[in-house]
Every structure is written in structure tokens, then in C-alpha cells.
Amino acid sequence: MTNGFMRFKAFYLWLVGCLCPLVVQAAELDSLLQVLDKTIATHHVYAGRHEYQIDSLKKCLQTGTVSDENRYRLNNALYEVYKAYVCDSAISYLNRNIGLADRMERQDWAADSRIALSYLLSSAGMYIEAVDVLREVNRAALSRVQLTDYYVACDHAYGELGFYTQDRRNGERYEQKARLYKDSIYQIADVHSELYLSMRETALRDSGRVSDALRINDERLARTRSATRSYAVVMYGRALIYREAGNEDRYMACLAASSIADIRSAVKDHASLWMLAQALFNRGDLERAYRYMDFSWSETEFYNARLRAWQSVEELSLIESTYQLMLKQRNFKLQLYMGGVSVLSLLLLLALFYIWRQMKRLAAARRDLLDANNRLKELNEELKHMNDNLQSANMKLTEANAIKEGYIARFIKLCSTYVDRLDAYRRMVNKKITSNQVGELLKISRSDSVREEALEELYANFDSVFLHIFPDFVKKFNELLRPDEQIVLKNSSQLNTELRIFALIRLGITDSSQIAEFLHYSVNTIYNYRAKVKNKAQVSREDFEELVMHIS
């Protein structure tokens with residue numbers, strides 16, 4: 001079990017070791033492509049800086065006091081800025097310098113310009129013209145550096161002729177000449193020079209010695225600065241090495257880095273970009289491949305080099321046709337999607353209409369429910385009001401029962417007392433008559449003392465029962481009067497005439513004649529008492545008796 005686990009762990013580490021570089025390379029490529037997209041979008045900024053440099057040199061050249069020597073140097077500077085920017089302009093300034101050098105009889109300058117012109121012409125696909133210009137150069141008068149440049153131009157011209165010619169017999173002859181010139185370069189070039197290292201790197205790469213070629217490219221790369229034409233050339237060579245090694249991601253990453261440097265250097269001769277477009281096309285990234293090739297084609301047209309246009313036209317045609325096919329397929333899918341979206345939209349509208357109807361019904365139901373709730377609330381309020389009235393009636397009934405019970409008990413007792421008194425009075429009358437005391441009996445019958453005692457007893461009983469039922473009557477009655485008109489009783493258990501009148505009103509006896517009959521006063525006297533008390537009230541006269549009737 002332990003051995004199995006160890007084998008699994010070893011396999012896992014091996015798998016991670018294999019996959020991690022691939023993930024890192026893919027991330028690096030994607031990052032570089034994003035940078036390249038942004039660089040292409042702002043290419044006019046870099047071109048504008050280059051145009052400013054060209055305009056500055058041209059202004060210096062237009063000065064009338066410029067000597068032939070300075071004119072030659074300015075023309076050469078303009079050639080340098082034009083050679084990767086606009087091909088025919090670079091050729092024009094080299095031809096001007098050839099005329100100036102011949103007029104000044106400067107054979108060294110004339111040779112430099114002709115060698116540079118030949119290299120530029122062969123790069124532009126004008127091979128016969130390039131060879132003709134080389135034939136005008138006097139090899140015997142060349143310095144070691146010039147001779148190296150001469151061999152480079154010859155190697156380039158015949159190498160390009162051998163590669164692009166349709167005649168294979170002449171092509172082999174041209175390639176043989178190119179190899180001879182390469183041998184000559186190896187013999188006289190400085191082994192530490194960029195030229196020698198570049199040629200050595202190419203030879204190692206073509207022979208399959210990828211690691212050695214990559215080592216030399218590392219040395220070249222260390223000598224360059226990013227965002228320069230030299231950096232773009234070195235990265236282009238590095239891309240070819242990785243292509244030879246079969247590392248597609250590294251190959252495309254180096255092409256992307258080279259393309260970024262080309263655009264930032266305002267280079268219009270894009271070899272790296274259209275090769276990157278081809279690689280992306282082969283990988284299936286048609287949209288980006290088309291954009292890159294389209295941009296490269298517009299830059300090539302601006303550069304105005306016949307060879308570059310011829311090299312890229314076939315790839316552009318293939319990519320464009322494939323891209324158009326992809327667009328047709330996308331349009332077909334888009335139509336299908338639009339149809340689907342239309343159907344879904346119709347269904348959505350139907351669903352919305354259904355939801356709208358349901359919402360209307362729900363809103364109506366909510367309104368009905370709200371109305372029902374409001375009606376129920378009103379009924380509850382009415383019921384509450386009825387309950388309050390019923391409770392008030394019950395309280396009044398309870399109070400009336402209490403009054404009735406109190407007065408009934410007192411009335412029964414009082415009646416019993418009166419019966420006893422009446423019987424005692426009968427015995428007294430009988431005794432007086434039997435005793436022949438008629439005169440004395442007549443005297444007693446004429447006296448009001450019996451009546452007065454009976455009334456006092458009646459009122460005392462009334463006051464006692466009333467104050468027992470309404471113990472706070474006097475206090476609450478005084479609250480209805482002004483402070484300076486308060487009624488103060490001599491005996492707290494006995495009411496005065498004014499309080500008895502309103503006590504009867506509290507018991508529900510509001511008729512003045514009934515009150516007068518009970519208290520044995522005239523109706524006018526009762527009316528005057530009522531009016532007098534109302535005048536002392538601190539509340540409304542009209543509400544006074546109503547407030548008295550609510551004293552509990």
C-alpha cells in the first residue's frame with residue numbers, strides 16, 4: 001500500500017511538473033495578446049511621434065545654408081527613420097545621397113548608400129535592381145566594415161532570389177552564391193558582433209541545435225532594449241527557434257512581443273504580426289487573426305513594399321474567407337437566437353399580460369377585502385358602541401337597582417314605623433276618648449308638631465339613604481360650582497334644601513311639581529332654588545343638570 005501511494009505521489013508530481021509550464025505559458029501568451037490589442041488600438045500615437053521626428057529632420061534639411069556634407073547626413077538620418085516606415089521614401093533619400101556622394105567624389109559615402117540601397121531593394125522584392133546596384137560598388141575600395149556590409153547585402157539579395165524564384169535551376173545557383181557570401185562574412189566579421197551572432201543563431205537553428213541557438217539569442221537579447229526595432233528583430237528570431245522546437249505557445253508569445261516592439265517603434269514592415277495572425281488562425285482564433293492580419297495589411301500598404309504585400313495577400317485572403325464564413329455562421333446562429341428571443345419575448349408578453357390580469361384580479365380582491373375589513377371595522381365600532389351603551393345601561397340599571405333596593409328597604413322600615421306610630425296614636429286617641437279627655441285630644445290634633453317630626457324623619461331617612469348610595473355627591477356637586485360658591489354642610493350626614501332638590505334630580509325626578517310635592521314647597525320656590533344654584537355654576541347652565549345626573 002505504501003509503495004502504491006509513493007508511485008501515485010511520484011506520478012502526481014510529474015503531472016504537475018508537466019502541466020504547470022503549460023499553464024504559465026498560456027497565461028503569458030494571453031497577457032501579451034491583450035497588451036498587443038491595446039498597442040494596436042493606440043498605434044497612431046507611436047506613428048505620430050515618428051512623424052514628428054521626420055518633420056524635424058525635414059525642417060533642418062530645408063534650411064538654405066545646409067552644406068553637402070550635412071545634407072548627406074540629414075538624408076541618411078531620414079533614410080534610417082524611413083527604412084522601416086515608408087519604403088519608397090527611404091529609397092528616395094538613399095538615391096539622393098548617392099548623387100551627393102558622386103558629386104562630392106566621396107567613394108566611401110557612395111558605397112555606403114549603394115550597399116544600403118541594395119539591401120532595402122532586395123527586402124522590398126526588387127531583386128534585379130538590388131543586384132544592379134551592387135555591381136556599381138567598387139569592392140577593391142571598400143573598408144573591412146564596408147566589405148562586411150557588402151557581403152551581407154549580396155547574401156540577402158541572392159538568398160531572397162533563391163527562395164522566391166520560380167526557376168529551381170537558377171534558384172539553386174542563387175542559393176549557392178548566398179552561401180559563398182555567408183562564408184565570406186564569417187571570415188571577416190567580428191565574432192562578438194550582432195551580425196555574426198545573428199548568422200550563427202540562424203545556422204544553429206536550421207541545423208536543429210535549438211538549445212545552442214537559444215543561448216546565442218539570450219546573449220543578443222541582453223544587448224537590446226525593449227520597445228526598439230532591435231528588440232523586435234531578436235524576438236522574431238527567438239520565435240523561429242521556438243517554432244523549430246515545437247513550442248507553439250512560446251513561438252506565439254515571442255511573435256506577440258516582437259509585434260508590440262514593432263508598433264511602438266513605428267515599424268510598418270510587420271513580419272511578426274502576420275505570422276502571429278497565421279498561427280492564431282491555425283489555432284482557431286479567427287476573429288483575432290483577422291484583426292491582426294487586417295491591421296498588418298493596412299500597415300504594409302502604408303510601407304509600400306511589393307514583397308510584403310505579396311507575402312501576406314494569400315494568408316489574408318484565406319483568413320478573410322474563413323472569417324467571412326464564420327460571420328455567416330454567426331449570423332445564421334444570430335438569426336436562430338433572434339427567432340428564439342422573439343418567441344421567448346412573445347411568451348414573456350403573454351406571461352406579463354396574464355400576470356397583469358391576475359394582478360388586477362388580486363387588486364380587486366384586495367379592495368373587496370379592504371372594504372369588507374372596513375365594514376367589519378365599522379360593525380365592530382358599532383358593536384363596541386352598543387356594548388358601551390349596554391354597559392352604561394347595565395351600570396345605570398345596577399345603580400337603579402341599588403337605589404331601589406336601598407329605598408325599598410328604608411320604605412318598608414318607614415312604613416312599619418308609621419304603622420306602629422299610627423297604632424300608638426289610635427290607642428292614645430281611644431284612651432283619651434275613654435277617659436273623656438276630648439278637649440286635650442282636640443288640642444293635640446290642632447298642633448303641627450306631629451307633622452314636623454314626621455317630615456324631619458322623612459328627610460333624615462332620605463338623606464341617609466341617598467348619601468349611602470352616593471357618598472361623594474356633595475364633593476362632586478361642589479366641583480361644578482365656582483370656588484367662592486361652594487356648599488358647606490353643618491352636618492355631613494344631612495343635606496340642605498338645595499342639595500335635596502338636586503339629589504332628587506340625580507334620582508331622575510326632574511319635574512319641579514313632583515319635587516315641590518315631596519319637599520312640601522311651592523313650585524315657584526323649587527324653580528327659584530334651581531335657578532339660583534345654576535347661577536353659581538362654573539360650567540354651562542344648560543349642561544349643569546345633565547352633569548349632576550352623571551354624578552356617581
# chains A, B, ... in the order shown; residues from 1 in each chain; ligands from 1
call {"tool": "residues_around", "arguments": {"residues": "Ile188 of chain A", "least_positions_apart": "3", "cutoff": "10 Å", "atoms": "only C-alpha atoms", "output": "mmCIF file with C-alpha atoms, in the first residue's frame"}}
result
data_model
loop_
_atom_site.group_PDB
_atom_site.id
_atom_site.type_symbol
_atom_site.label_atom_id
_atom_site.label_comp_id
_atom_site.auth_asym_id
_atom_site.auth_seq_id
_atom_site.Cartn_x
_atom_site.Cartn_y
_atom_site.Cartn_z
ATOM 1 C CA ARG A 144 36.619 45.965 -43.760
ATOM 2 C CA VAL A 145 33.343 47.231 -42.284
ATOM 3 C CA LEU A 147 33.064 44.903 -47.178
ATOM 4 C CA THR A 148 31.148 43.108 -44.431
ATOM 5 C CA TYR A 151 28.692 40.693 -48.333
ATOM 6 C CA ASP A 183 31.240 32.124 -45.745
ATOM 7 C CA SER A 184 32.908 35.433 -46.608
ATOM 8 C CA ILE A 185 31.004 37.164 -43.813
ATOM 9 C CA VAL A 191 32.714 37.038 -33.716
ATOM 10 C CA TYR A 196 27.924 37.295 -36.517
#
call {"tool": "residues_around", "arguments": {"residues": "Tyr82 of chain A", "least_positions_apart": "6", "cutoff": "12 Å", "atoms": "only C-alpha atoms", "output": "ChimeraX atom specification"}}
result
/A:47,50-51,53-55,57-58,75-76,88-94,120,265-269,302-304
call {"tool": "residues_around", "arguments": {"residues": "Val137 of chain A", "least_positions_apart": "3", "cutoff": "12 Å", "atoms": "only C-alpha atoms", "output": "PyMOL selection string"}}
result
chain A and resi 98+102+107-118+130-134+140-142+146-147+149-151+153-154
call {"tool": "write_last_selection", "arguments": {"atoms": "N, CA, C and O atoms", "output": "compact mmCIF listing (two decimals), in the first residue's frame"}}
result
# COMPACT_ATOMS: atom_id res chain seq x y z
N ILE A 98 23.38 59.05 -52.92
CA ILE A 98 24.30 58.53 -53.96
C ILE A 98 24.70 59.66 -54.89
O ILE A 98 25.89 59.81 -55.25
N ASP A 102 28.53 61.08 -55.21
CA ASP A 102 29.21 61.08 -56.51
C ASP A 102 29.67 62.49 -56.87
O ASP A 102 30.79 62.68 -57.39
N GLN A 107 33.81 58.37 -52.52
CA GLN A 107 33.52 56.99 -52.89
C GLN A 107 33.05 56.16 -51.69
O GLN A 107 32.22 55.25 -51.84
N ASP A 108 33.53 56.44 -50.49
CA ASP A 108 33.12 55.68 -49.31
C ASP A 108 31.64 55.92 -49.00
O ASP A 108 30.89 54.99 -48.68
N TRP A 109 31.20 57.21 -49.09
CA TRP A 109 29.79 57.51 -48.86
C TRP A 109 28.91 56.90 -49.94
O TRP A 109 27.82 56.39 -49.66
N ALA A 110 29.40 56.98 -51.17
CA ALA A 110 28.64 56.42 -52.29
C ALA A 110 28.48 54.90 -52.11
O ALA A 110 27.41 54.34 -52.36
N ALA A 111 29.53 54.24 -51.64
CA ALA A 111 29.46 52.79 -51.42
C ALA A 111 28.49 52.46 -50.29
O ALA A 111 27.69 51.52 -50.40
N ASP A 112 28.56 53.23 -49.20
CA ASP A 112 27.63 53.00 -48.09
C ASP A 112 26.18 53.12 -48.55
O ASP A 112 25.33 52.28 -48.20
N SER A 113 25.88 54.14 -49.31
CA SER A 113 24.50 54.37 -49.75
C SER A 113 24.05 53.28 -50.72
O SER A 113 22.90 52.83 -50.65
N ARG A 114 24.96 52.87 -51.65
CA ARG A 114 24.57 51.83 -52.61
C ARG A 114 24.36 50.49 -51.91
O ARG A 114 23.42 49.75 -52.25
N ILE A 115 25.20 50.17 -50.95
CA ILE A 115 25.03 48.90 -50.22
C ILE A 115 23.69 48.91 -49.45
O ILE A 115 22.93 47.94 -49.48
N ALA A 116 23.41 50.04 -48.77
CA ALA A 116 22.14 50.15 -48.03
C ALA A 116 20.96 50.10 -48.99
O ALA A 116 19.93 49.46 -48.69
N LEU A 117 21.10 50.75 -50.18
CA LEU A 117 20.01 50.75 -51.15
C LEU A 117 19.76 49.34 -51.67
O LEU A 117 18.60 48.91 -51.81
N SER A 118 20.83 48.59 -51.92
CA SER A 118 20.68 47.23 -52.43
C SER A 118 19.95 46.36 -51.40
O SER A 118 19.04 45.59 -51.76
N ALA A 130 18.42 45.37 -57.03
CA ALA A 130 19.38 45.26 -55.94
C ALA A 130 20.72 44.75 -56.44
O ALA A 130 21.80 45.26 -56.05
N VAL A 131 20.68 43.74 -57.31
CA VAL A 131 21.92 43.19 -57.86
C VAL A 131 22.62 44.22 -58.73
O VAL A 131 23.86 44.37 -58.69
N ASP A 132 21.84 44.98 -59.52
CA ASP A 132 22.44 46.01 -60.38
C ASP A 132 23.13 47.07 -59.56
O ASP A 132 24.23 47.56 -59.93
N VAL A 133 22.55 47.47 -58.42
CA VAL A 133 23.18 48.48 -57.57
C VAL A 133 24.48 47.94 -56.98
O VAL A 133 25.49 48.66 -56.90
N LEU A 134 24.50 46.66 -56.60
CA LEU A 134 25.71 46.07 -56.04
C LEU A 134 26.85 46.04 -57.05
O LEU A 134 28.04 46.15 -56.69
N ALA A 140 37.14 46.80 -54.37
CA ALA A 140 38.56 47.00 -54.02
C ALA A 140 38.75 48.21 -53.12
O ALA A 140 39.72 48.28 -52.35
N ALA A 141 37.82 49.17 -53.20
CA ALA A 141 37.97 50.40 -52.43
C ALA A 141 37.23 50.35 -51.09
O ALA A 141 37.21 51.33 -50.36
N LEU A 142 36.67 49.21 -50.74
CA LEU A 142 35.87 49.12 -49.53
C LEU A 142 36.73 48.82 -48.30
O LEU A 142 37.71 48.08 -48.39
N GLN A 146 32.82 48.11 -44.49
CA GLN A 146 32.00 48.23 -45.70
C GLN A 146 31.93 46.91 -46.45
O GLN A 146 30.89 46.55 -46.99
N LEU A 147 33.07 46.19 -46.48
CA LEU A 147 33.06 44.90 -47.18
C LEU A 147 32.12 43.91 -46.48
O LEU A 147 31.43 43.14 -47.15
N ASP A 149 29.39 44.76 -44.83
CA ASP A 149 28.04 45.19 -45.22
C ASP A 149 27.74 44.78 -46.66
O ASP A 149 26.60 44.40 -46.98
N TYR A 150 28.75 44.85 -47.52
CA TYR A 150 28.58 44.47 -48.94
C TYR A 150 28.23 42.98 -49.04
O TYR A 150 27.29 42.61 -49.77
N TYR A 151 28.97 42.13 -48.30
CA TYR A 151 28.69 40.69 -48.33
C TYR A 151 27.29 40.39 -47.77
O TYR A 151 26.60 39.50 -48.28
N ALA A 153 24.71 42.41 -47.96
CA ALA A 153 23.74 42.80 -48.98
C ALA A 153 23.67 41.76 -50.09
O ALA A 153 22.59 41.43 -50.58
N CYS A 154 24.86 41.24 -50.49
CA CYS A 154 24.88 40.21 -51.54
C CYS A 154 24.19 38.93 -51.06
O CYS A 154 23.40 38.33 -51.80
call {"tool": "atom_distance", "arguments": {"atom1": "atom CA of Asp543 of chain A", "atom2": "atom CA of Gln494 of chain A"}}
result
26.2 Å
call {"tool": "residues_around", "arguments": {"residues": "Ser552 of chain A", "least_positions_apart": "3", "cutoff": "9 Å", "atoms": "only C-alpha atoms", "output": "list in words"}}
result
Glu399, Ile469, Phe470, Pro471, Asp472, Phe473, Lys476 and Met549 of chain A
